[in-house]
Structure formats: structure tokens, C-alpha cells
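Visitor: Structure file final-v1.cif (mmCIF, C-alpha atoms) right here:
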```cif
data_structure
loop_
_atom_site.group_PDB
_atom_site.id
_atom_site.type_symbol
_atom_site.label_atom_id
_atom_site.label_comp_id
_atom_site.auth_asym_id
_atom_site.auth_seq_id
_atom_site.Cartn_x
_atom_site.Cartn_y
_atom_site.Cartn_z
ATOM 1 C CA MET A 1 -18.592 6.315 -25.698
ATOM 2 C CA LYS A 2 -16.997 9.527 -24.372
ATOM 3 C CA LEU A 3 -20.436 10.834 -23.371
ATOM 4 C CA THR A 4 -21.135 7.652 -21.362
ATOM 5 C CA VAL A 5 -17.765 7.850 -19.567
ATOM 6 C CA LEU A 6 -18.334 11.541 -18.833
ATOM 7 C CA THR A 7 -21.841 10.856 -17.506
ATOM 8 C CA VAL A 8 -20.660 8.001 -15.273
ATOM 9 C CA SER A 9 -17.769 10.131 -13.977
ATOM 10 C CA LEU A 10 -20.143 12.980 -13.170
ATOM 11 C CA VAL A 11 -22.544 10.684 -11.318
ATOM 12 C CA VAL A 12 -19.695 9.162 -9.272
ATOM 13 C CA ALA A 13 -18.368 12.641 -8.408
ATOM 14 C CA VAL A 14 -21.796 13.832 -7.255
ATOM 15 C CA LEU A 15 -22.365 10.729 -5.129
ATOM 16 C CA PHE A 16 -18.912 11.026 -3.563
ATOM 17 C CA THR A 17 -19.450 14.699 -2.734
ATOM 18 C CA ALA A 18 -22.878 14.017 -1.208
ATOM 19 C CA SER A 19 -21.509 11.224 0.972
ATOM 20 C CA CYS A 20 -18.815 13.504 2.428
ATOM 21 C CA GLY A 21 -21.355 15.849 4.042
ATOM 22 C CA ALA A 22 -21.223 14.153 7.454
ATOM 23 C CA THR A 23 -19.450 11.299 9.102
ATOM 24 C CA LYS A 24 -21.456 8.559 10.772
ATOM 25 C CA VAL A 25 -20.084 7.948 14.276
ATOM 26 C CA ASN A 26 -20.659 4.451 15.620
ATOM 27 C CA LEU A 27 -21.584 5.073 19.262
ATOM 28 C CA ALA A 28 -20.395 1.643 20.383
ATOM 29 C CA SER A 29 -16.814 2.682 19.646
ATOM 30 C CA LYS A 30 -16.827 6.477 20.207
ATOM 31 C CA GLY A 31 -18.533 8.974 22.409
ATOM 32 C CA LEU A 32 -20.016 8.782 25.871
ATOM 33 C CA VAL A 33 -23.616 7.606 25.893
ATOM 34 C CA LYS A 34 -25.749 7.911 29.017
ATOM 35 C CA SER A 35 -29.324 6.769 29.534
ATOM 36 C CA SER A 36 -31.005 5.143 32.491
ATOM 37 C CA SER A 37 -34.536 4.099 33.331
ATOM 38 C CA ASP A 38 -36.171 0.950 34.659
ATOM 39 C CA ILE A 39 -39.190 1.527 32.370
ATOM 40 C CA LEU A 40 -37.817 2.340 28.906
ATOM 41 C CA LYS A 41 -34.196 1.843 27.867
ATOM 42 C CA ILE A 42 -32.860 4.147 25.132
ATOM 43 C CA GLU A 43 -29.622 3.313 23.315
ATOM 44 C CA GLY A 44 -27.849 5.200 20.558
ATOM 45 C CA ASN A 45 -26.439 3.186 17.652
ATOM 46 C CA TRP A 46 -24.898 5.936 15.499
ATOM 47 C CA ILE A 47 -25.085 9.675 14.920
ATOM 48 C CA LYS A 48 -24.313 11.956 11.958
ATOM 49 C CA ASP A 49 -23.623 15.580 12.871
ATOM 50 C CA LYS A 50 -24.588 17.719 9.878
ATOM 51 C CA GLY A 51 -24.144 21.114 11.524
ATOM 52 C CA LYS A 52 -27.668 22.544 11.433
ATOM 53 C CA LYS A 53 -29.243 19.111 11.841
ATOM 54 C CA PHE A 54 -28.264 15.628 12.908
ATOM 55 C CA ASP A 55 -29.367 12.083 12.192
ATOM 56 C CA LEU A 56 -29.549 9.622 15.067
ATOM 57 C CA SER A 57 -30.253 5.907 15.220
ATOM 58 C CA VAL A 58 -31.853 4.905 18.518
ATOM 59 C CA LYS A 59 -33.086 1.646 19.945
ATOM 60 C CA MET A 60 -35.811 1.681 22.614
ATOM 61 C CA THR A 61 -36.638 -1.303 24.810
ATOM 62 C CA ASN A 62 -39.692 -1.771 27.038
ATOM 63 C CA LEU A 63 -38.255 -3.110 30.316
ATOM 64 C CA THR A 64 -41.649 -3.727 31.931
ATOM 65 C CA ASN A 65 -44.459 -6.259 31.682
ATOM 66 C CA LYS A 66 -46.891 -3.452 30.700
ATOM 67 C CA GLU A 67 -47.880 -2.023 27.326
ATOM 68 C CA LEU A 68 -46.163 1.361 26.929
ATOM 69 C CA LEU A 69 -47.164 4.496 25.027
ATOM 70 C CA VAL A 70 -44.869 7.386 24.013
ATOM 71 C CA MET A 71 -46.377 10.368 22.230
ATOM 72 C CA ARG A 72 -44.316 11.958 19.430
ATOM 73 C CA GLY A 73 -44.837 15.365 21.050
ATOM 74 C CA ASP A 74 -43.131 14.018 24.196
ATOM 75 C CA MET A 75 -39.881 13.251 22.339
ATOM 76 C CA ILE A 76 -37.282 16.034 22.191
ATOM 77 C CA CYS A 77 -33.972 16.293 20.361
ATOM 78 C CA LYS A 78 -31.305 18.825 21.319
ATOM 79 C CA LYS A 79 -27.752 19.874 20.584
ATOM 80 C CA GLY A 80 -26.370 21.487 23.710
ATOM 81 C CA GLU A 81 -29.207 23.542 25.195
ATOM 82 C CA HIS A 82 -30.819 24.208 21.800
ATOM 83 C CA VAL A 83 -34.010 22.223 21.187
ATOM 84 C CA GLY A 84 -34.582 21.030 17.637
ATOM 85 C CA SER A 85 -37.603 19.682 15.807
ATOM 86 C CA TYR A 86 -38.069 16.371 14.056
ATOM 87 C CA GLY A 87 -37.770 16.367 10.305
ATOM 88 C CA SER A 88 -38.647 12.684 10.220
ATOM 89 C CA ILE A 89 -38.761 9.452 12.153
ATOM 90 C CA GLY A 90 -38.059 6.280 10.197
ATOM 91 C CA ARG A 91 -38.417 2.701 11.287
ATOM 92 C CA VAL A 92 -35.560 0.346 10.504
ATOM 93 C CA HIS A 93 -37.709 -2.469 9.163
ATOM 94 C CA THR A 94 -39.515 -0.254 6.646
ATOM 95 C CA ASN A 95 -36.767 2.310 5.980
ATOM 96 C CA ILE A 96 -39.528 4.866 5.368
ATOM 97 C CA ALA A 97 -39.108 8.218 7.091
ATOM 98 C CA SER A 98 -42.091 10.471 7.659
ATOM 99 C CA ASN A 99 -43.625 12.952 10.054
ATOM 100 C CA ARG A 100 -45.578 10.063 11.492
ATOM 101 C CA PRO A 101 -46.044 8.198 13.777
ATOM 102 C CA LEU A 102 -47.865 10.456 16.229
ATOM 103 C CA PHE A 103 -47.213 7.881 18.935
ATOM 104 C CA LEU A 104 -45.118 4.793 19.613
ATOM 105 C CA THR A 105 -46.441 1.717 21.379
ATOM 106 C CA PHE A 106 -44.340 -1.011 22.965
ATOM 107 C CA GLU A 107 -45.458 -4.461 24.026
ATOM 108 C CA PRO A 108 -43.796 -5.930 27.138
ATOM 109 C CA GLY A 109 -40.117 -6.543 26.373
ATOM 110 C CA GLU A 110 -40.424 -5.182 22.820
ATOM 111 C CA VAL A 111 -37.416 -3.552 21.133
ATOM 112 C CA GLN A 112 -37.876 -0.962 18.369
ATOM 113 C CA GLN A 113 -35.203 0.840 16.375
ATOM 114 C CA PHE A 114 -35.632 4.239 14.697
ATOM 115 C CA TYR A 115 -33.742 6.739 12.560
ATOM 116 C CA ILE A 116 -34.427 10.304 13.639
ATOM 117 C CA THR A 117 -33.568 13.553 11.853
ATOM 118 C CA CYS A 118 -33.347 16.514 14.241
ATOM 119 C CA ILE A 119 -33.503 19.934 12.564
ATOM 120 C CA LEU A 120 -31.791 22.752 14.446
ATOM 121 C CA ASP A 121 -32.166 26.535 14.216
ATOM 122 C CA PRO A 122 -30.059 27.692 11.227
ATOM 123 C CA ASN A 123 -29.411 31.065 12.927
ATOM 124 C CA VAL A 124 -27.539 29.580 15.908
ATOM 125 C CA GLU A 125 -23.803 28.814 15.977
ATOM 126 C CA TYR A 126 -23.502 25.316 17.477
ATOM 127 C CA LYS A 127 -20.200 24.805 19.277
ATOM 128 C CA ASP A 128 -21.429 22.222 21.766
ATOM 129 C CA LYS A 129 -20.797 18.598 20.800
ATOM 130 C CA ASP A 130 -23.354 17.157 23.238
ATOM 131 C CA PHE A 131 -26.454 15.662 21.638
ATOM 132 C CA TYR A 132 -29.632 14.664 23.440
ATOM 133 C CA PHE A 133 -32.714 12.589 22.752
ATOM 134 C CA VAL A 134 -35.291 12.922 25.537
ATOM 135 C CA VAL A 135 -38.553 11.074 26.117
ATOM 136 C CA LYS A 136 -40.475 13.486 28.349
ATOM 137 C CA THR A 137 -43.252 11.085 29.416
ATOM 138 C CA VAL A 138 -43.973 7.362 29.157
ATOM 139 C CA TYR A 139 -47.551 6.216 29.745
ATOM 140 C CA GLU A 140 -49.150 2.835 30.182
ATOM 141 C CA ASN A 141 -51.181 1.982 27.059
ATOM 142 C CA LEU A 142 -54.567 1.091 28.563
ATOM 143 C CA SER A 143 -56.174 -0.009 25.296
ATOM 144 C CA LYS A 144 -53.276 -2.364 24.495
ATOM 145 C CA SER A 145 -53.836 -1.366 20.879
ATOM 146 C CA PRO A 146 -50.957 -0.213 18.660
ATOM 147 C CA THR A 147 -53.318 1.744 16.384
ATOM 148 C CA ALA A 148 -55.709 3.317 18.918
ATOM 149 C CA PRO A 149 -53.776 3.740 22.158
ATOM 150 C CA GLU A 150 -55.273 5.179 25.321
ATOM 151 C CA LYS A 151 -53.141 7.093 27.832
ATOM 152 C CA GLY A 152 -53.001 5.457 31.208
ATOM 153 C CA THR A 153 -50.849 6.049 34.240
ATOM 154 C CA LYS A 154 -47.660 8.080 33.829
ATOM 155 C CA LEU A 155 -44.883 5.527 34.340
ATOM 156 C CA ALA A 156 -41.720 7.578 33.735
ATOM 157 C CA LYS A 157 -40.592 11.051 32.769
ATOM 158 C CA ASP A 158 -37.487 12.712 31.343
ATOM 159 C CA ILE A 159 -35.620 9.648 30.099
ATOM 160 C CA GLU A 160 -32.572 11.177 28.455
ATOM 161 C CA LEU A 161 -30.027 9.762 26.054
ATOM 162 C CA GLN A 162 -26.930 11.975 26.179
ATOM 163 C CA ILE A 163 -24.210 11.586 23.554
ATOM 164 C CA LYS A 164 -20.879 13.328 24.143
ATOM 165 C CA LEU A 165 -18.608 13.152 21.142
ATOM 166 C CA ASN A 166 -14.878 13.444 21.694
#
```
Written as C-alpha cells, that's how I'd like the structure from this file.
Guide:
Amino acid sequence: MKLTVLTVSLVVAVLFTASCGATKVNLASKGLVKSSSDILKIEGNWIKDKGKKFDLSVKMTNLTNKELLVMRGDMICKKGEHVGSYGSIGRVHTNIASNRPLFLTFEPGEVQQFYITCILDPNVEYKDKDFYFVVKTVYENLSKSPTAPEKGTKLAKDIELQIKLN
């Protein structure tokens, strides 16, 4: 009996300690969030600043009547002026994070939500509290296929979501 109580206490202590690593900030109630485009709307839902990395929940909406294509390589995450790299991108409906997808496709009016982990340089001291998620280029998806897209006309560039925490 004592071993079971000790084991349960240890598990609870470990889970509590792990959950204290970062605080999730609901962006609807805190922070200044800026993003504007008439092609692709980017909204931040929440952010967790973990020092040398951060987790961000974003929602992207296709505001056009065209099929859109965003390449993974055209998405950038930053803290201040320091560019990070993606550890993973997870979709809300599957809750599976991976180094895929290589691209995102959006049907007209479609809304997609993602969880993104941005890994920052461990050798830099980050004092800036401004976070950024940037979509460098948005293309028209000529093939209209979500699995085999074809780059069409460049429709927008440098759509930036800026999050300023108080």
C-alpha cells in the first residue's frame, strides 16, 4: 500500500513539475496581435514561451475564391529578430505533430488550425518578447489537388503575425 501511494505521489509530482515549464497565454485576452492580408488571414490563438523555443497555435483562413498553396519552406517563425526553425507542425483535428506537411493547401474560404513548435538558437539570450509567424509567399494552387499541388501565380507575400506580450 505504501509503495502504491509513493508511486502515485511521485507521478503527480513529475506531472506537476513538467506542466510548470511554460505558461500558455491566451492571445484573445493578452498581448497585441497584428496580421493583415486580403488573401490569407493569420490569427494567433495561444502561445507558450519556453525560452529557447515556443509553441504557437495559429488559425489560417483563405479569404479568396481561389485554391491557395503555402510551402512549408515559406513559413518562418521568429522571436525578435532571431529566426527559428520548426520542430513540428501539428493539425488540431489529428493532434499529430510531425515535420510534415511540406505544403499546406486551402480551398476557397477554408479555415485550418495548427500547433507549431519553433526552435530557437540555444546560444542566444532572448530578451525580446515579440514573436512572429511569417508566411513569405502564398501561391494559387493550379492543380486544385491537396496531395499534388502545382504552384501558380504568386498572390501574396510576407504575411506576418506579430505577437507582443505585455
Visitor: List the spatial neighbours of segment 146-159 of chain A as an MDAnalysis selection string - criterion: any atom at most 8 Å away, all atoms listed in the file, same-chain residues fewer than 6 positions off excluded.
Guide: chainID A and resid 35:37 39:40 42 69 104:106 134:140
Visitor: So which one's closest to Tyr115 of chain A, A:Lys129, A:Lys41, A:Lys59, A:Lys24? Using only C-alpha atoms, please.
Guide: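 Of all the options, A:Lys59 lies closest to Tyr115 of chain A.
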Visitor: What does the distance from atom CA of Leu165 of chain A to atom CA of Met71 of chain A come to in Å, to one decimal?
Guide: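 Computing it gives 27.9 Å between the two atoms.
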Visitor: Which is closest to Gln113 of chain A among A:Leu142, A:Gly51, A:Glu43, A:Tyr126, if we use only C-alpha atoms?
Guide: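 Checking each candidate against Gln113 of chain A, we get A:Glu43 as the closest.
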Visitor: Rank nothing, just name the residue among A:Ser88, A:Gln162, A:Ser145, A:Asn65 nearest to Phe114 of chain A, using all atoms listed in the file.
Guide: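 Under the stated criterion, the closest residue is A:Ser88.
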Visitor: Return the single residue from A:Val70, A:Cys77, A:Leu56, A:Val83 that is closest to Ile116 of chain A, with distances computed using only C-alpha atoms.
Guide: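 Of A:Val70, A:Cys77, A:Leu56, A:Val83, the one nearest Ile116 of chain A, counting only C-alpha atoms, is A:Leu56.
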